[in-house]
file protein-v5.cif (mmCIF, C-alpha atoms and all ligand atoms)
data_target
loop_
_atom_site.label_atom_id
_atom_site.label_comp_id
_atom_site.auth_asym_id
_atom_site.auth_seq_id
_atom_site.Cartn_x
_atom_site.Cartn_y
_atom_site.Cartn_z
CA MET A 1 -10.75 -17.05 1.43
CA LYS A 2 -8.35 -14.44 0.11
CA ARG A 3 -5.70 -15.01 -2.53
CA THR A 4 -3.50 -12.60 -4.45
CA ASN A 5 -2.85 -12.32 -8.15
CA THR A 6 0.56 -10.84 -8.98
CA PHE A 7 1.37 -9.56 -12.41
CA GLU A 8 3.39 -6.94 -14.21
CA VAL A 9 1.75 -3.89 -15.72
CA ARG A 10 3.23 -1.70 -18.45
CA PRO A 11 2.33 1.74 -19.67
CA ARG A 12 1.71 1.65 -23.43
CA SER A 13 3.61 4.83 -24.28
CA GLU A 14 6.06 7.31 -22.81
CA SER A 15 3.26 9.72 -22.21
CA ASP A 16 1.25 7.05 -20.34
CA GLU A 17 4.30 6.27 -18.27
CA ALA A 18 4.79 9.95 -17.40
CA LEU A 19 1.15 10.09 -16.35
CA LEU A 20 1.45 6.95 -14.24
CA GLN A 21 4.55 8.36 -12.56
CA GLU A 22 2.69 11.60 -11.83
CA VAL A 23 -0.20 9.73 -10.24
CA MET A 24 2.19 7.64 -8.13
CA ASP A 25 4.21 10.67 -7.19
CA ALA A 26 1.09 12.56 -6.14
CA THR A 27 0.00 9.53 -4.10
CA ALA A 28 3.36 9.52 -2.28
CA SER A 29 3.27 13.29 -1.72
CA PHE A 30 -0.21 13.06 -0.34
CA TRP A 31 0.72 10.18 1.95
CA ASN A 32 3.84 11.99 3.15
CA GLU A 33 2.12 15.33 3.76
CA LEU A 34 -0.73 13.70 5.60
CA THR A 35 1.71 11.63 7.65
CA TYR A 36 3.83 14.69 8.43
CA ALA A 37 0.82 16.70 9.63
CA ARG A 38 -0.44 13.83 11.73
CA ARG A 39 2.96 13.15 13.27
CA GLN A 40 3.20 16.83 14.28
CA GLN A 41 -0.24 16.66 15.84
CA PHE A 42 0.58 13.40 17.56
CA PHE A 43 3.82 14.72 19.07
CA ASP A 44 1.98 17.90 20.14
CA ASP A 45 -0.59 15.72 21.90
CA GLU A 46 -3.37 16.81 19.60
CA SER A 47 -5.99 14.78 17.78
CA ILE A 48 -4.66 13.54 14.45
CA TRP A 49 -8.03 13.12 12.82
CA GLU A 50 -8.62 16.72 11.79
CA THR A 51 -6.57 16.69 8.62
CA ASP A 52 -8.94 17.50 5.84
CA GLU A 53 -6.98 20.32 4.29
CA PHE A 54 -5.04 18.16 1.82
CA ARG A 55 -8.00 16.46 0.22
CA GLY A 56 -8.82 19.33 -2.13
CA GLN A 57 -5.19 19.70 -3.05
CA TYR A 58 -4.80 16.20 -4.51
CA LYS A 59 -8.23 15.65 -5.96
CA GLY A 60 -7.19 17.07 -9.33
CA GLN A 61 -4.44 14.46 -9.62
CA LEU A 62 -5.91 11.43 -7.88
CA GLY A 63 -9.64 11.97 -8.23
CA ALA A 64 -12.02 11.82 -5.29
CA ALA A 65 -11.79 8.05 -5.00
CA GLY A 66 -7.98 8.15 -5.06
CA VAL A 67 -7.88 10.72 -2.28
CA GLN A 68 -10.28 8.65 -0.26
CA THR A 69 -8.23 5.49 -0.69
CA VAL A 70 -4.96 7.07 0.47
CA THR A 71 -6.75 8.66 3.42
CA ARG A 72 -8.29 5.34 4.39
CA LYS A 73 -4.89 3.59 4.16
CA ASN A 74 -3.33 6.26 6.31
CA ASN A 75 -6.16 6.05 8.84
CA ALA A 76 -5.67 2.31 9.02
CA ALA A 77 -1.92 2.73 9.65
CA TRP A 78 -2.60 5.14 12.53
CA ASN A 79 -5.33 2.95 13.95
CA SER A 80 -3.03 -0.03 14.13
CA PHE A 81 -0.34 2.15 15.69
CA PHE A 82 -2.78 3.30 18.38
CA ALA A 83 -3.92 -0.27 18.95
CA LEU A 84 -0.30 -1.33 19.54
CA LEU A 85 0.25 1.56 21.95
CA GLU A 86 -2.86 0.61 23.86
CA SER A 87 -1.74 -2.98 24.25
CA GLY A 88 1.47 -1.61 25.76
CA GLU A 89 3.74 -2.54 22.88
CA ASP A 90 6.71 -0.63 21.65
CA ALA A 91 5.50 1.00 18.44
CA SER A 92 6.45 3.92 16.27
CA PRO A 93 3.99 6.13 14.42
CA PRO A 94 3.41 5.55 10.68
CA GLY A 95 6.33 6.69 8.55
CA TYR A 96 6.95 8.24 5.18
CA TRP A 97 7.16 6.59 1.81
CA GLY A 98 10.82 7.18 1.09
CA ASN A 99 12.54 10.48 1.82
CA ALA A 100 13.79 13.59 0.05
CA ASP A 101 17.36 12.29 -0.36
CA ASP A 102 16.62 8.87 -1.74
CA GLY A 103 13.42 9.62 -3.55
CA ARG A 104 9.92 8.43 -2.82
CA ASP A 105 8.54 4.92 -2.73
CA LEU A 106 6.17 4.93 -5.63
CA ARG A 107 3.03 2.92 -5.21
CA LEU A 108 -0.59 3.31 -5.99
CA PHE A 109 -3.79 1.92 -4.53
CA VAL A 110 -6.96 1.61 -6.52
CA ARG A 111 -10.24 0.94 -4.78
CA ASN A 112 -11.93 -2.32 -5.78
CA ASP A 113 -14.82 -0.57 -7.53
CA SER A 114 -12.67 1.93 -9.43
CA TYR A 115 -10.63 -0.29 -11.66
CA GLU A 116 -11.33 -2.92 -14.23
CA ILE A 117 -9.13 -5.74 -15.50
CA GLN A 118 -9.76 -7.51 -18.74
CA TRP A 119 -7.97 -10.80 -19.00
CA GLY A 120 -7.20 -12.46 -22.26
CA GLU A 121 -5.01 -11.92 -25.24
CA HIS A 122 -4.99 -8.16 -24.82
CA SER A 123 -5.03 -8.07 -21.04
CA ARG A 124 -5.24 -4.63 -19.57
CA VAL A 125 -6.13 -2.74 -16.48
CA GLU A 126 -7.80 0.67 -16.44
CA ILE A 127 -7.29 3.02 -13.56
CA PRO A 128 -8.86 6.38 -12.81
CA VAL A 129 -6.92 9.66 -12.69
CA GLY A 130 -7.98 13.12 -11.49
CA GLN A 131 -9.43 15.76 -13.79
CA ASP A 132 -6.38 18.08 -13.76
CA LEU A 133 -4.14 15.30 -15.04
CA LYS A 134 -6.72 14.32 -17.64
CA ASP A 135 -6.64 17.87 -18.94
CA GLU A 136 -2.86 17.97 -18.91
CA TYR A 137 -2.65 14.68 -20.83
CA HIS A 138 -5.50 15.49 -23.20
CA MET A 139 -7.72 12.69 -22.00
CA GLY A 140 -11.47 12.59 -22.37
CA TYR A 141 -13.74 13.10 -19.40
CA PHE A 142 -14.57 9.40 -19.07
CA GLU A 143 -11.18 8.13 -20.14
CA ARG A 144 -8.92 6.17 -17.80
CA LEU A 145 -5.25 5.35 -17.79
CA ARG A 146 -4.90 2.04 -19.56
CA LEU A 147 -2.00 -0.29 -18.72
CA GLU A 148 -0.97 -3.52 -20.38
CA VAL A 149 -1.05 -6.59 -18.15
CA ARG A 150 1.64 -9.24 -18.45
CA GLY A 151 0.92 -12.65 -16.96
CA ASP A 152 -2.06 -14.79 -16.11
CA PRO A 153 -4.25 -14.49 -13.05
CA LYS A 154 -4.08 -17.51 -10.81
CA TRP A 155 -7.31 -16.73 -9.02
CA SER A 156 -10.65 -15.40 -10.01
CA GLY A 157 -13.29 -14.09 -7.67
CA GLU A 158 -14.42 -10.85 -6.15
CA GLN A 159 -11.67 -8.29 -6.66
CA GLY A 160 -10.16 -6.28 -3.81
CA GLU A 161 -8.11 -3.12 -3.75
CA LEU A 162 -5.40 -3.12 -6.40
CA GLU A 163 -1.87 -2.11 -5.47
CA ILE A 164 0.72 -1.13 -8.07
CA GLN A 165 4.36 -0.71 -7.03
CA TYR A 166 7.17 0.79 -9.02
CA ASP A 167 10.41 -1.14 -8.68
CA GLU A 168 13.18 1.36 -9.19
CA VAL A 169 15.97 -1.21 -9.47
CA GLU A 170 14.24 -3.26 -12.15
CA ASP A 171 12.35 -0.35 -13.65
CA THR A 172 9.10 -2.30 -13.66
CA TYR A 173 5.59 -1.91 -12.28
CA ARG A 174 4.17 -4.80 -10.28
CA ALA A 175 0.53 -5.20 -9.44
CA TYR A 176 -0.99 -7.09 -6.54
CA GLN A 177 -4.65 -7.91 -6.76
CA PRO A 178 -6.33 -9.55 -3.80
CA VAL A 179 -9.38 -11.63 -4.70
CA THR A 180 -11.93 -13.32 -2.49
CA ILE A 181 -12.56 -16.78 -3.84
CA ASP A 182 -15.12 -19.44 -3.35
CA GLU A 183 -14.08 -22.17 -0.90
CA SER A 184 -15.00 -24.79 -3.50
CA GLU A 185 -12.51 -23.29 -5.92
CA LEU A 186 -9.77 -23.68 -3.37
CA ASP A 187 -6.98 -26.13 -3.17
CA SER A 188 -7.61 -29.20 -5.19
CA PRO A 189 -8.52 -32.27 -3.11
CA LEU A 190 -5.59 -33.95 -4.82
CA ALA A 191 -3.14 -31.70 -3.00
CA SER A 192 -1.71 -34.08 -0.44
CA GLU A 193 1.93 -34.30 -1.48
CA GLU A 194 4.77 -32.96 0.64
CA ALA A 195 8.08 -31.18 0.15
CA ALA A 196 11.15 -30.39 2.24
CA LEU A 197 13.50 -27.42 1.93
CA ASP A 198 17.13 -27.34 2.85
CA LEU A 199 18.02 -23.68 3.31
CA GLY A 200 21.62 -22.72 2.97
CA VAL A 201 24.00 -19.99 2.07
CA ASN A 202 25.61 -21.04 -1.18
CA ASN A 203 22.56 -22.80 -2.43
CA LEU A 204 19.76 -20.73 -1.00
CA VAL A 205 17.15 -23.43 -1.31
CA ALA A 206 17.39 -27.12 -2.14
CA CYS A 207 13.99 -28.74 -2.39
CA THR A 208 12.75 -32.31 -2.73
CA THR A 209 9.11 -33.28 -3.19
CA THR A 210 7.34 -36.57 -2.62
CA THR A 211 6.41 -36.44 -6.31
CA GLY A 212 10.11 -36.87 -7.13
CA GLU A 213 11.00 -33.32 -8.12
CA GLN A 214 14.19 -31.61 -7.01
CA TYR A 215 14.92 -27.88 -7.29
CA LEU A 216 18.10 -26.04 -6.47
CA TYR A 217 18.33 -22.23 -6.22
CA ASP A 218 21.94 -21.18 -6.48
CA GLY A 219 22.81 -18.03 -4.50
CA GLU A 220 26.31 -17.40 -5.82
CA GLU A 221 25.50 -14.73 -8.46
CA LEU A 222 23.21 -12.95 -6.08
CA PHE A 223 25.80 -12.95 -3.33
CA GLU A 224 28.43 -11.57 -5.71
CA GLN A 225 26.11 -8.69 -6.54
CA PHE A 226 25.54 -8.08 -2.83
CA ARG A 227 29.26 -8.26 -2.08
CA SER A 228 30.25 -5.80 -4.78
CA THR A 229 27.71 -3.24 -3.51
CA THR A 230 29.04 -3.82 0.02
CA GLU A 231 32.58 -3.15 -1.19
CA GLU A 232 31.47 0.04 -2.90
CA ILE A 233 29.84 1.16 0.37
CA ALA A 234 33.08 0.45 2.25
CA ARG A 235 35.13 2.35 -0.33
CA LEU A 236 32.88 5.41 -0.13
CA SER A 237 32.80 5.28 3.67
CA CYS A 238 36.60 5.55 3.81
CA LYS A 239 36.49 8.74 1.81
CA LEU A 240 34.00 10.54 4.03
CA PRO A 241 35.18 13.64 5.90
CA PRO A 242 35.87 12.87 9.59
CA ASP A 243 32.76 14.63 10.87
CA GLN A 244 30.43 12.68 8.62
CA ASP A 245 29.34 9.08 9.06
CA THR A 246 27.24 8.63 5.94
CA SER A 247 26.28 10.28 2.70
CA GLN A 248 23.44 10.35 0.27
CA ARG A 249 25.24 7.99 -2.08
CA ILE A 250 25.99 5.52 0.69
CA ARG A 251 22.39 5.50 1.84
CA ARG A 252 21.29 4.99 -1.71
CA LEU A 253 23.61 2.01 -2.08
CA TYR A 254 22.31 0.42 1.12
CA ARG A 255 18.82 0.80 -0.20
CA LYS A 256 19.76 -0.64 -3.56
CA ARG A 257 21.48 -3.57 -1.88
CA SER A 258 18.50 -4.53 0.22
CA ARG A 259 16.06 -3.97 -2.63
CA GLN A 260 17.99 -6.31 -4.88
CA ARG A 261 18.02 -8.98 -2.22
CA THR A 262 14.37 -8.55 -1.33
CA HIS A 263 13.41 -8.70 -4.96
CA ALA A 264 15.36 -11.91 -5.58
CA GLN A 265 13.94 -13.45 -2.41
CA LYS A 266 10.39 -12.60 -3.34
CA ASP A 267 10.87 -13.99 -6.80
CA LEU A 268 12.45 -17.17 -5.51
CA ILE A 269 9.54 -17.77 -3.16
CA ARG A 270 6.95 -17.11 -5.86
CA ASP A 271 8.76 -19.33 -8.34
CA LEU A 272 9.18 -22.16 -5.85
CA VAL A 273 5.71 -22.01 -4.29
CA GLU A 274 4.04 -21.95 -7.69
CA ARG A 275 5.98 -25.05 -8.70
CA LEU A 276 5.01 -26.74 -5.44
CA TYR A 277 1.40 -25.75 -5.91
CA ASP A 278 1.38 -27.25 -9.39
CA GLU A 279 2.88 -30.45 -7.98
CA GLY A 280 -0.03 -30.74 -5.56
CA ILE A 281 2.05 -30.08 -2.45
CA ALA A 282 -0.01 -29.61 0.72
CA THR A 283 2.80 -29.38 3.31
CA VAL A 284 6.30 -27.92 3.22
CA TYR A 285 8.93 -28.71 5.85
CA PHE A 286 11.85 -26.43 6.55
CA GLY A 287 14.62 -26.58 9.14
CA ASP A 288 16.25 -23.85 11.12
CA LEU A 289 19.74 -22.74 10.18
CA THR A 290 21.41 -23.53 13.52
CA GLY A 291 22.85 -26.68 11.99
CA VAL A 292 24.51 -24.69 9.23
CA ILE A 293 26.01 -22.24 11.70
CA LYS A 294 27.38 -25.06 13.86
CA THR A 295 28.93 -27.05 11.07
CA GLN A 296 30.54 -24.13 9.27
CA PRO A 297 31.50 -21.43 11.72
CA SER A 298 33.28 -18.95 9.48
CA PRO A 299 32.99 -15.17 9.29
CA GLU A 300 32.09 -15.38 5.64
CA ILE A 301 29.19 -17.74 6.29
CA ASN A 302 28.00 -15.50 9.08
CA GLU A 303 28.08 -12.48 6.83
CA LYS A 304 26.03 -14.36 4.29
CA LEU A 305 23.56 -15.54 6.87
CA GLU A 306 22.99 -12.36 8.77
CA ASN A 307 23.37 -9.55 6.31
CA PHE A 308 22.78 -11.13 3.02
CA TRP A 309 20.16 -13.77 3.39
CA ALA A 310 17.91 -12.16 6.04
CA PHE A 311 16.63 -15.58 6.97
CA LYS A 312 13.76 -14.56 9.20
CA LYS A 313 12.30 -12.27 6.57
CA PHE A 314 12.59 -15.08 4.07
CA ILE A 315 10.65 -17.48 6.29
CA ASP A 316 7.95 -14.90 6.98
CA GLN A 317 7.51 -14.35 3.29
CA LEU A 318 7.57 -18.06 2.53
CA GLN A 319 4.81 -18.59 5.07
CA SER A 320 2.66 -15.87 3.66
CA VAL A 321 2.97 -16.98 0.03
CA CYS A 322 2.36 -20.61 1.01
CA GLU A 323 -0.70 -19.56 2.95
CA GLU A 324 -1.92 -17.70 -0.09
CA HIS A 325 -1.68 -20.97 -2.02
CA GLY A 326 -3.22 -23.09 0.73
CA ILE A 327 0.06 -24.86 1.57
CA ALA A 328 0.98 -25.56 5.21
CA VAL A 329 4.50 -24.75 6.41
CA GLU A 330 6.14 -26.70 9.25
CA GLU A 331 9.44 -26.10 10.98
CA GLU A 332 11.28 -29.30 11.91
CA SER A 333 14.69 -30.16 13.25
CA GLU A 334 17.26 -30.49 10.53
CA ALA A 335 19.88 -32.14 12.73
CA TRP A 336 22.19 -34.52 10.83
CA THR A 337 20.26 -34.35 7.58
CA SER A 338 23.22 -32.78 5.84
CA GLN A 339 25.59 -35.58 6.85
CA THR A 340 23.31 -38.58 6.46
CA CYS A 341 23.80 -41.03 3.62
CA PRO A 342 20.44 -41.74 1.97
CA GLU A 343 21.57 -45.23 0.93
CA CYS A 344 22.87 -46.71 4.18
CA GLY A 345 22.02 -44.14 6.85
CA GLU A 346 25.63 -43.49 7.79
CA GLN A 347 26.01 -40.17 9.63
CA THR A 348 29.54 -39.85 10.92
CA ASP A 349 31.78 -41.23 8.18
CA THR A 350 30.25 -39.36 5.29
CA VAL A 351 32.25 -36.49 3.77
CA ARG A 352 30.87 -33.22 2.45
CA HIS A 353 33.14 -31.44 0.06
CA ARG A 354 31.79 -28.40 -1.73
CA GLU A 355 28.60 -29.63 -3.39
CA THR A 356 29.19 -33.35 -2.99
CA LEU A 357 28.35 -35.78 -0.24
CA THR A 358 30.25 -39.07 -0.35
CA CYS A 359 29.81 -42.13 1.80
CA PRO A 360 32.10 -45.13 2.39
CA CYS A 361 29.26 -47.32 1.05
CA GLY A 362 29.85 -45.83 -2.39
CA PHE A 363 27.06 -43.25 -2.44
CA GLU A 364 27.86 -39.92 -4.03
CA GLY A 365 25.34 -37.12 -4.52
CA HIS A 366 24.68 -33.40 -4.41
CA SER A 367 25.05 -32.46 -0.76
CA ASP A 368 22.17 -29.99 -0.42
CA LEU A 369 19.72 -31.90 -2.58
CA THR A 370 20.55 -35.07 -0.69
CA ALA A 371 20.01 -33.22 2.58
CA SER A 372 16.58 -32.02 1.48
CA GLU A 373 15.69 -35.54 0.41
CA THR A 374 16.81 -37.01 3.73
CA PHE A 375 14.92 -34.26 5.55
CA LEU A 376 11.79 -35.06 3.54
CA ARG A 377 11.99 -38.82 4.13
CA ARG A 378 12.42 -38.20 7.84
CA ASN A 379 9.28 -36.07 8.11
CA THR A 380 6.81 -37.48 5.63
CA ASP A 381 4.59 -40.53 5.92
CA LYS A 382 4.14 -40.55 2.17
CA GLN A 383 5.78 -42.70 -0.41
CA VAL A 384 8.59 -40.71 -2.04
CA ARG A 385 8.68 -41.27 -5.79
CA PRO A 386 11.97 -41.85 -7.61
CA MET A 387 13.81 -38.63 -8.29
CA ALA A 388 13.66 -36.89 -11.66
CA ARG A 389 16.71 -34.96 -12.76
CA PRO A 390 17.06 -31.88 -10.56
CA VAL A 391 16.43 -28.39 -11.93
CA ARG A 392 19.01 -25.79 -10.97
CA PHE A 393 18.17 -22.09 -10.99
CA GLN A 394 20.49 -19.13 -10.93
CA TRP A 395 19.69 -15.46 -10.40
CA GLY A 396 20.49 -13.35 -13.42
CA ASN A 397 18.83 -10.64 -15.39
CA HIS A 398 16.26 -10.11 -12.64
CA GLU A 399 14.84 -13.59 -12.64
CA TRP A 400 15.57 -17.14 -11.61
CA ARG A 401 16.62 -19.11 -14.65
CA SER A 402 17.76 -22.61 -15.19
CA THR A 403 21.49 -22.68 -15.86
CA THR A 404 21.62 -25.23 -18.67
CA ASP A 405 21.72 -24.09 -22.26
CA ALA A 406 19.95 -26.78 -24.22
CA PRO A 407 16.23 -26.78 -23.58
CA GLU A 408 14.45 -30.10 -23.85
CA LEU A 409 11.62 -30.28 -26.31
CA GLY A 410 8.36 -29.08 -24.98
CA THR A 411 9.72 -27.53 -21.81
CA ASN A 412 9.57 -23.95 -20.78
CA PRO A 413 13.00 -22.34 -21.36
CA ASN A 414 12.94 -21.16 -17.75
CA GLU A 415 12.88 -24.65 -16.36
CA GLN A 416 15.24 -26.77 -18.33
CA ARG A 417 16.45 -29.88 -16.65
CA THR A 418 20.03 -30.30 -15.69
CA ASN A 419 22.26 -33.13 -14.61
CA PRO A 420 23.07 -33.14 -10.94
ZN ZN B 501 26.18 -44.77 2.61
#
call {"tool": "encode", "arguments": {"input": "protein-v5.cif", "output": "structure tokens"}}
result
Amino acid sequence: MKRTNTFEVRPRSESDEALLQEVMDATASFWNELTYARRQQFFDDESIWETDEFRGQYKGQLGAAGVQTVTRKNNAAWNSFFALLESGEDASPPGYWGNADDGRDLRLFVRNDSYEIQWGEHSRVEIPVGQDLKDEYHMGYFERLRLEVRGDPKWSGEQGELEIQYDEVEDTYRAYQPVTIDESELDSPLASEEAALDLGVNNLVACTTTTGEQYLYDGEELFEQFRSTTEEIARLSCKLPPDQDTSQRIRRLYRKRSRQRTHAQKDLIRDLVERLYDEGIATVYFGDLTGVIKTQPSPEINEKLENFWAFKKFIDQLQSVCEEHGIAVEEESEAWTSQTCPECGEQTDTVRHRETLTCPCGFEGHSDLTASETFLRRNTDKQVRPMARPVRFQWGNHEWRSTTDAPELGTNPNEQRTNP
């Protein structure tokens, strides 16, 4: 069974950071040059496998193992491309990591036997660099680049290839470490609880669990950020000369916009799935968004749904992170859940106004949280425990934070409880 540890790594000094950037930059150059050569050969109908000339060139920066790893990754990308072609699918050959205008995508792969992580109070990871860079940075022959590790590993087991990515927007380095774990270490036998998600546009996710937890991820701040970048793109587009339909700055803004969204989405999923995992959730239900589109057909909602929220990508990611944690994901019909009163079952006479659902029977509650609760009760066979106070999260400062000010004693400041 494979699982992935995610954590942040930090260079310990400016010089270490410069070195790390050089290694990542050389990795991207190598990838791009190799890809360019192979694309030429492919389009000229030649074999792509005779591309040894770059290996020597990058060995001084990446070391022999580093060169081998990038080559193997590139081989794998071409092999899957050829496999797709063979099965008659529409595929395009492997592409570049970034481009000259927007800069390169900086990432780094380290073979499983060439790095070492020490966990504990002074957690760190050591990665190899090539001899030329060692000389340039006055490192000893056996020395490696040492990075600080922030965070705790969730999984232990046989380590796989480490990937480090540089996030330009947040100016951070994230590491992904696949580990192969023992089946017996897997999901606790206690994990049998269930959760339901109500996905929306103003509140991105409302979640209710059978253990009585409720989480609400508010999308307003994030959407504002998205909208202001969109406006800037529109403003710049108006100023373009008539023969030009884009510019370097506009492309950069598009990239920034989607990176910000992707980053917030990834973080939301990690945050949520880790909470669910800790609650012992074994199954998560989610509905499709057709209900939302039908009940609120407005151009603004459609903009949010299609451009901003990238729903399909979100679901794909949710599935993969849940799978990583041994949680099953099931799609179910969401019809009427958003209008149903949890107290009396009324569906037609209830009223949704902004964040509140009210019913003639006297019920009044948060509309999205209520919907997720109704959705859960409809799908689960389990007993649903009484609800604790919901926790509301808002995107700000690159992470999902609870929006209340006063932390309760003994709770993590990131998950303070709030009144509905
Ligand atoms: Zn009612």
call {"tool": "closest_atom_pairs", "arguments": {"input": "protein-v5.cif", "of": "region 152-256 of chain A", "to": "region 21-37 of chain A", "cutoff": "12 Å", "atoms": "only C-alpha atoms", "output": "Markdown table"}}
result
| residue | atom | partner | partner_atom | distance |
| --- | --- | --- | --- | --- |
| A:Glu163 | CA | A:Met24 | CA | 10.9 |
| A:Ile164 | CA | A:Met24 | CA | 8.9 |
| A:Gln165 | CA | A:Met24 | CA | 8.7 |
| A:Tyr166 | CA | A:Met24 | CA | 8.5 |
| A:Asp167 | CA | A:Gln21 | CA | 11.8 |
| A:Glu168 | CA | A:Gln21 | CA | 11.6 |
| A:Asp171 | CA | A:Gln21 | CA | 11.7 |
| A:Thr172 | CA | A:Gln21 | CA | 11.6 |
| A:Tyr173 | CA | A:Gln21 | CA | 10.3 |
call {"tool": "closest_atom_pairs", "arguments": {"input": "protein-v5.cif", "of": "chain A", "to": "ligand ZN 501 (chain B)", "cutoff": "7 Å", "atoms": "all atoms listed in the file", "output": "JSON lines"}}
result
{"residue": "A:Cys341", "atom": "CA", "partner": "B:ZN501", "partner_atom": "ZN", "distance": 4.5}
{"residue": "A:Pro342", "atom": "CA", "partner": "B:ZN501", "partner_atom": "ZN", "distance": 6.5}
{"residue": "A:Glu343", "atom": "CA", "partner": "B:ZN501", "partner_atom": "ZN", "distance": 4.9}
{"residue": "A:Cys344", "atom": "CA", "partner": "B:ZN501", "partner_atom": "ZN", "distance": 4.1}
{"residue": "A:Gly345", "atom": "CA", "partner": "B:ZN501", "partner_atom": "ZN", "distance": 6.0}
{"residue": "A:Glu346", "atom": "CA", "partner": "B:ZN501", "partner_atom": "ZN", "distance": 5.4}
{"residue": "A:Cys359", "atom": "CA", "partner": "B:ZN501", "partner_atom": "ZN", "distance": 4.6}
{"residue": "A:Pro360", "atom": "CA", "partner": "B:ZN501", "partner_atom": "ZN", "distance": 5.9}
{"residue": "A:Cys361", "atom": "CA", "partner": "B:ZN501", "partner_atom": "ZN", "distance": 4.3}
{"residue": "A:Gly362", "atom": "CA", "partner": "B:ZN501", "partner_atom": "ZN", "distance": 6.3}
{"residue": "A:Phe363", "atom": "CA", "partner": "B:ZN501", "partner_atom": "ZN", "distance": 5.3}
call {"tool": "residues_near_point", "arguments": {"input": "protein-v5.cif", "point": "(21.1, -22.0, 3.2)", "cutoff": "9 Å", "atoms": "only C-alpha atoms", "output": "list of chain:residue names"}}
result
A:Asp198, A:Leu199, A:Gly200, A:Val201, A:Asn202, A:Asn203, A:Leu204, A:Val205, A:Ala206, A:Gly219, A:Leu289, A:Val292, A:Leu305, A:Trp309, A:Phe311, A:Asp368
call {"tool": "write_last_selection", "arguments": {"input": "protein-v5.cif", "atoms": "C-alpha atoms", "output": "PDB file, in the coordinates of the input"}}
result
ATOM      1  CA  ASP A 198      17.130 -27.340   2.850  1.00  0.00           C
ATOM      2  CA  LEU A 199      18.020 -23.680   3.310  1.00  0.00           C
ATOM      3  CA  GLY A 200      21.620 -22.720   2.970  1.00  0.00           C
ATOM      4  CA  VAL A 201      24.000 -19.990   2.070  1.00  0.00           C
ATOM      5  CA  ASN A 202      25.610 -21.040  -1.180  1.00  0.00           C
ATOM      6  CA  ASN A 203      22.560 -22.800  -2.430  1.00  0.00           C
ATOM      7  CA  LEU A 204      19.760 -20.730  -1.000  1.00  0.00           C
ATOM      8  CA  VAL A 205      17.150 -23.430  -1.310  1.00  0.00           C
ATOM      9  CA  ALA A 206      17.390 -27.120  -2.140  1.00  0.00           C
ATOM     10  CA  GLY A 219      22.810 -18.030  -4.500  1.00  0.00           C
ATOM     11  CA  LEU A 289      19.740 -22.740  10.180  1.00  0.00           C
ATOM     12  CA  VAL A 292      24.510 -24.690   9.230  1.00  0.00           C
ATOM     13  CA  LEU A 305      23.560 -15.540   6.870  1.00  0.00           C
ATOM     14  CA  TRP A 309      20.160 -13.770   3.390  1.00  0.00           C
ATOM     15  CA  PHE A 311      16.630 -15.580   6.970  1.00  0.00           C
ATOM     16  CA  ASP A 368      22.170 -29.990  -0.420  1.00  0.00           C
TER      17      ASP A 368
END
call {"tool": "atom_distance", "arguments": {"input": "protein-v5.cif", "atom1": "CA of Thr230 (chain A)", "atom2": "CA of Leu253 (chain A)"}}
result
8.2 Å
call {"tool": "atom_distance", "arguments": {"input": "protein-v5.cif", "atom1": "CA of Arg255 (chain A)", "atom2": "CA of Asn397 (chain A)"}}
result
19.0 Å
call {"tool": "closest_residue", "arguments": {"input": "protein-v5.cif", "among": "A:Asp349, A:Gln225, A:Arg270, A:Asp218", "to": "Arg401 (chain A)", "atoms": "all atoms listed in the file"}}
result
A:Asp218
call {"tool": "residues_around", "arguments": {"input": "protein-v5.cif", "residues": "region 138-153 of chain A", "least_positions_apart": "6", "cutoff": "10 Å", "atoms": "all atoms listed in the file", "output": "MDAnalysis selection string"}}
result
chainID A and resid 4:13 16:17 19:20 115:132 174:175 177
call {"tool": "atom_distance", "arguments": {"input": "protein-v5.cif", "atom1": "CA of Arg378 (chain A)", "atom2": "CA of Ser192 (chain A)"}}
result
16.9 Å
